[in-house]
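**Student:** Pasting in a structure now, in structure tokens, and then I'll have a few things to ask.
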Amino acid sequence: MLQLQLRSDHRRSYVKQMRKQGHIPAVLYGKTTNSQPIFVDAAEFLKQLRATGGTGLLDAKINDNHIRIIIRDMQKHPIRHDIIHIDFLAVDAKTEIDVDVPIHLIGEAAGVKDGGVLQQAMHQLSIRALPSNIPPSIDVDITNLQVGDAITVSHIQTNGAYKINHDPTEVIASILPPKQEEEIHSGEEQEPGKPESEEGRETTP
């Protein structure tokens with residue numbers, strides 16, 4: 001269970017000190033929860049992040065109260081790429097929420113084996129679901145895709161667990177035809193024959 005520690009000191013120096021001690025500043029909010037600045041242990045959070053893929057529910061504890069949360073946003077350092085701030089949403093088990101779930105392409109497309117090029121147009125899918133029905137990822141099988149074929153949002157089977165917030169015709173992945181090399185000719189080709197000018201040239205009878 002992820003421990004959420006309330007943060008009362010908002011000074012930049014204090015936040016910097018807590019980061020050095022292995023904590024990540026964050027904010028917790030929700031439908032019935034006022035916005036609260038908090039800290040989480042970096043190592044414990046990363047462990048939970050790997051387990052849920054960043055989209056699943058997290059069990060957390062704050063002031064001895066057990067709550068369930070999801071990650072709404074994460075900010076990373078532009079150079080070091082470590083996490084510098086997190087937004088947590090406290091969820092209601094009976095209320096649907098909108099979340100972005102990663103798309104994983106499964107298998108090797110038949111069209112790729114024939115020389116085609118796989119193009120993935122969507123890497124995340126926006127869905128609406130109860131917190132308990134949020135999948136860690138959405139797997140899309142591309143094994144049977146031939147050159148010129150495409151998989152759209154309409155091909156995804158939700159089994160009633162969630163609703164998709166996209167147009168059914170949006171393309172998730174497609175197989176493009178093989179790239180054909182074009183021969184590029186530089187310069188002009190001269191037709192065989194006599195020189196353009198024969199003046200001054202000696203001829204042998």
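Residues are named by chain letter and number: chains run A, B, ... in the order of the structure tokens, numbers start at 1 in each chain, and ligands are numbered from 1 in the order shown.
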So that I can check the surroundings of A:Asp9, please list as a PDB file with N, CA and C atoms, in the first residue's frame every protein, DNA and RNA residue that reaches within 12 Å of it, counting only C-alpha atoms and ignoring chain neighbours fewer than 3 positions away.
**Tutor:**
ATOM      1  N   GLN A   5       2.046  11.036   2.373  1.00  0.00           N
ATOM      2  CA  GLN A   5       2.423  11.878   3.508  1.00  0.00           C
ATOM      3  C   GLN A   5       2.004  13.312   3.230  1.00  0.00           C
ATOM      4  N   LEU A   6       1.184  13.875   4.123  1.00  0.00           N
ATOM      5  CA  LEU A   6       0.735  15.253   3.958  1.00  0.00           C
ATOM      6  C   LEU A   6       1.914  16.218   4.013  1.00  0.00           C
ATOM      7  N   ARG A  12      10.186  26.138  -1.372  1.00  0.00           N
ATOM      8  CA  ARG A  12      10.945  25.422  -2.405  1.00  0.00           C
ATOM      9  C   ARG A  12      12.133  24.692  -1.801  1.00  0.00           C
ATOM     10  N   SER A  13      12.762  25.288  -0.794  1.00  0.00           N
ATOM     11  CA  SER A  13      13.915  24.657  -0.157  1.00  0.00           C
ATOM     12  C   SER A  13      13.512  23.355   0.536  1.00  0.00           C
ATOM     13  N   TYR A  14      12.309  23.341   1.130  1.00  0.00           N
ATOM     14  CA  TYR A  14      11.828  22.139   1.809  1.00  0.00           C
ATOM     15  C   TYR A  14      11.524  21.032   0.794  1.00  0.00           C
ATOM     16  N   VAL A  15      10.897  21.413  -0.320  1.00  0.00           N
ATOM     17  CA  VAL A  15      10.594  20.442  -1.371  1.00  0.00           C
ATOM     18  C   VAL A  15      11.888  19.850  -1.930  1.00  0.00           C
ATOM     19  N   LYS A  16      12.888  20.696  -2.133  1.00  0.00           N
ATOM     20  CA  LYS A  16      14.180  20.235  -2.640  1.00  0.00           C
ATOM     21  C   LYS A  16      14.828  19.264  -1.662  1.00  0.00           C
ATOM     22  N   GLN A  17      14.739  19.574  -0.377  1.00  0.00           N
ATOM     23  CA  GLN A  17      15.307  18.704   0.654  1.00  0.00           C
ATOM     24  C   GLN A  17      14.608  17.339   0.650  1.00  0.00           C
ATOM     25  N   MET A  18      13.284  17.329   0.533  1.00  0.00           N
ATOM     26  CA  MET A  18      12.536  16.078   0.529  1.00  0.00           C
ATOM     27  C   MET A  18      12.867  15.233  -0.700  1.00  0.00           C
ATOM     28  N   PRO A  25       7.239  15.075  -4.587  1.00  0.00           N
ATOM     29  CA  PRO A  25       6.077  15.911  -4.253  1.00  0.00           C
ATOM     30  C   PRO A  25       4.904  15.570  -5.163  1.00  0.00           C
ATOM     31  N   GLN A  36      -4.947  18.312  -1.810  1.00  0.00           N
ATOM     32  CA  GLN A  36      -3.998  18.260  -0.700  1.00  0.00           C
ATOM     33  C   GLN A  36      -2.586  18.017  -1.230  1.00  0.00           C
ATOM     34  N   PRO A  37      -1.628  18.881  -0.870  1.00  0.00           N
ATOM     35  CA  PRO A  37      -0.234  18.624  -1.242  1.00  0.00           C
ATOM     36  C   PRO A  37       0.333  17.497  -0.392  1.00  0.00           C
ATOM     37  N   ILE A  38       1.026  16.565  -1.031  1.00  0.00           N
ATOM     38  CA  ILE A  38       1.546  15.379  -0.330  1.00  0.00           C
ATOM     39  C   ILE A  38       2.936  15.033  -0.848  1.00  0.00           C
ATOM     40  N   PHE A  39       3.534  14.011  -0.205  1.00  0.00           N
ATOM     41  CA  PHE A  39       4.770  13.382  -0.666  1.00  0.00           C
ATOM     42  C   PHE A  39       4.546  11.881  -0.762  1.00  0.00           C
TER      43      PHE A  39
END
**Student:** Could you tell me how far atom CA of A:Val27 lies from atom CA of A:Thr95, in Å and to one decimal?
**Tutor:**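 Spanning atom CA of A:Val27 to atom CA of A:Thr95 is a straight-line distance of 20.7 Å.
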**Student:** Would you list, as a count of residues only, the residues of chain A that end up in strand (DSSP E or B) under DSSP run on this structure's backbone?
**Tutor:** 82
**Student:** Using only C-alpha atoms for the distances, tell me which of A:Lys163, A:Arg19, A:His66, A:Arg11 is nearest to A:Glu96.
**Tutor:**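 Going through A:Lys163, A:Arg19, A:His66, A:Arg11 one by one, the smallest distance to A:Glu96 is for A:Lys163.
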**Student:** Using only C-alpha atoms, which of A:Leu46, A:Ile70, A:Ala26, A:Leu145 sits nearest A:Ile86?
**Tutor:**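 Looking only at the distances to A:Ile86, the closest residue turns out to be A:Ala26.
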**Student:** Near A:Leu130, counting only C-alpha atoms, which residues have an atom at most 8 Å away, once you skip same-chain residues fewer than 2 positions from it, shown as a list in words?
**Tutor:**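 Neighbouring residues, sequence-local ones excluded: Ala93, Lys94, Thr95, Glu96, Ile97, Arg128, Ser132, Asn133, Ile134 and Tyr162 of chain A.
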**Student:** Using only C-alpha atoms, which residue out of A:Asp98, A:Asp64, A:Asp41, A:Asp73 lies closest to A:Leu28?
**Tutor:**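 Answer, going by the shortest atom-to-atom distance: A:Asp73.
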**Student:** Write out as number ranges by chain the residues lying within 9 Å of A:Val99, counting only C-alpha atoms and excluding same-chain residues fewer than 2 positions away.
**Tutor:** A: 55, 72, 97, 101, 125-129, 134
**Student:** Output C-alpha atoms of each residue in that selection to a file, as an mmCIF file, in the first residue's frame.
**Tutor:**
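Now in result-v6.cif:
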data_model
loop_
_atom_site.group_PDB
_atom_site.id
_atom_site.type_symbol
_atom_site.label_atom_id
_atom_site.label_comp_id
_atom_site.auth_asym_id
_atom_site.auth_seq_id
_atom_site.Cartn_x
_atom_site.Cartn_y
_atom_site.Cartn_z
ATOM 1 C CA THR A 55 -3.107 3.246 -15.542
ATOM 2 C CA ARG A 72 -3.660 11.615 -13.451
ATOM 3 C CA ILE A 97 -13.840 8.008 -15.071
ATOM 4 C CA VAL A 101 -4.712 3.324 -21.596
ATOM 5 C CA LEU A 125 -6.792 4.841 -26.129
ATOM 6 C CA SER A 126 -9.090 7.086 -24.138
ATOM 7 C CA ILE A 127 -11.737 5.030 -22.353
ATOM 8 C CA ARG A 128 -14.491 5.541 -19.782
ATOM 9 C CA ALA A 129 -14.844 2.865 -17.131
ATOM 10 C CA ILE A 134 -9.647 -0.118 -16.113
#
**Student:** Of the candidates A:Ser174, A:Asn159, A:Ser137, A:Ser8, which one gets nearest to A:Gly56 if we count only C-alpha atoms?
**Tutor:**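 Closest to A:Gly56, using only C-alpha atoms: A:Ser137.
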**Student:** Rounded to one decimal in Å, what is the spacing between atom CA of A:Val117 and atom CA of A:Pro178?
**Tutor:**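 Between atom CA of A:Val117 and atom CA of A:Pro178 the gap is 6.3 Å.
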**Student:** Kindly indicate which residue among A:Phe88, A:Gly160, A:Val153, A:Ile172 lies nearest to A:Leu118, using only C-alpha atoms for the distances.
**Tutor:**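 With only C-alpha atoms as the atom set, the closest residue is A:Ile172.
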**Student:** When you look at stretch 108-113 of chain A with a cut-off of 6 Å (counting only C-alpha atoms), what residues show up, excluding the ones that are within fewer than 6 positions of it in the same chain? I need them as number ranges by chain.
**Tutor:** A: 142-147
**Student:** Generate the output file for the selected residues, N, CA and C atoms, as a tab-separated table (two decimals), in the first residue's frame.
**Tutor:**
chain	number	residue	atom	x	y	z
A	142	ILE	N	-2.20	-8.05	-34.45
A	142	ILE	CA	-2.00	-7.62	-35.84
A	142	ILE	C	-1.49	-8.75	-36.73
A	143	THR	N	-1.53	-9.98	-36.24
A	143	THR	CA	-0.95	-11.12	-36.95
A	143	THR	C	-1.47	-11.27	-38.37
A	144	ASN	N	-2.76	-11.06	-38.58
A	144	ASN	CA	-3.37	-11.31	-39.88
A	144	ASN	C	-3.39	-10.10	-40.80
A	145	LEU	N	-2.78	-9.01	-40.39
A	145	LEU	CA	-2.79	-7.80	-41.23
A	145	LEU	C	-1.92	-8.00	-42.47
A	146	GLN	N	-2.52	-7.79	-43.64
A	146	GLN	CA	-1.81	-7.87	-44.90
A	146	GLN	C	-1.43	-6.46	-45.36
A	147	VAL	N	-0.60	-6.38	-46.38
A	147	VAL	CA	-0.22	-5.08	-46.94
A	147	VAL	C	-1.49	-4.37	-47.41
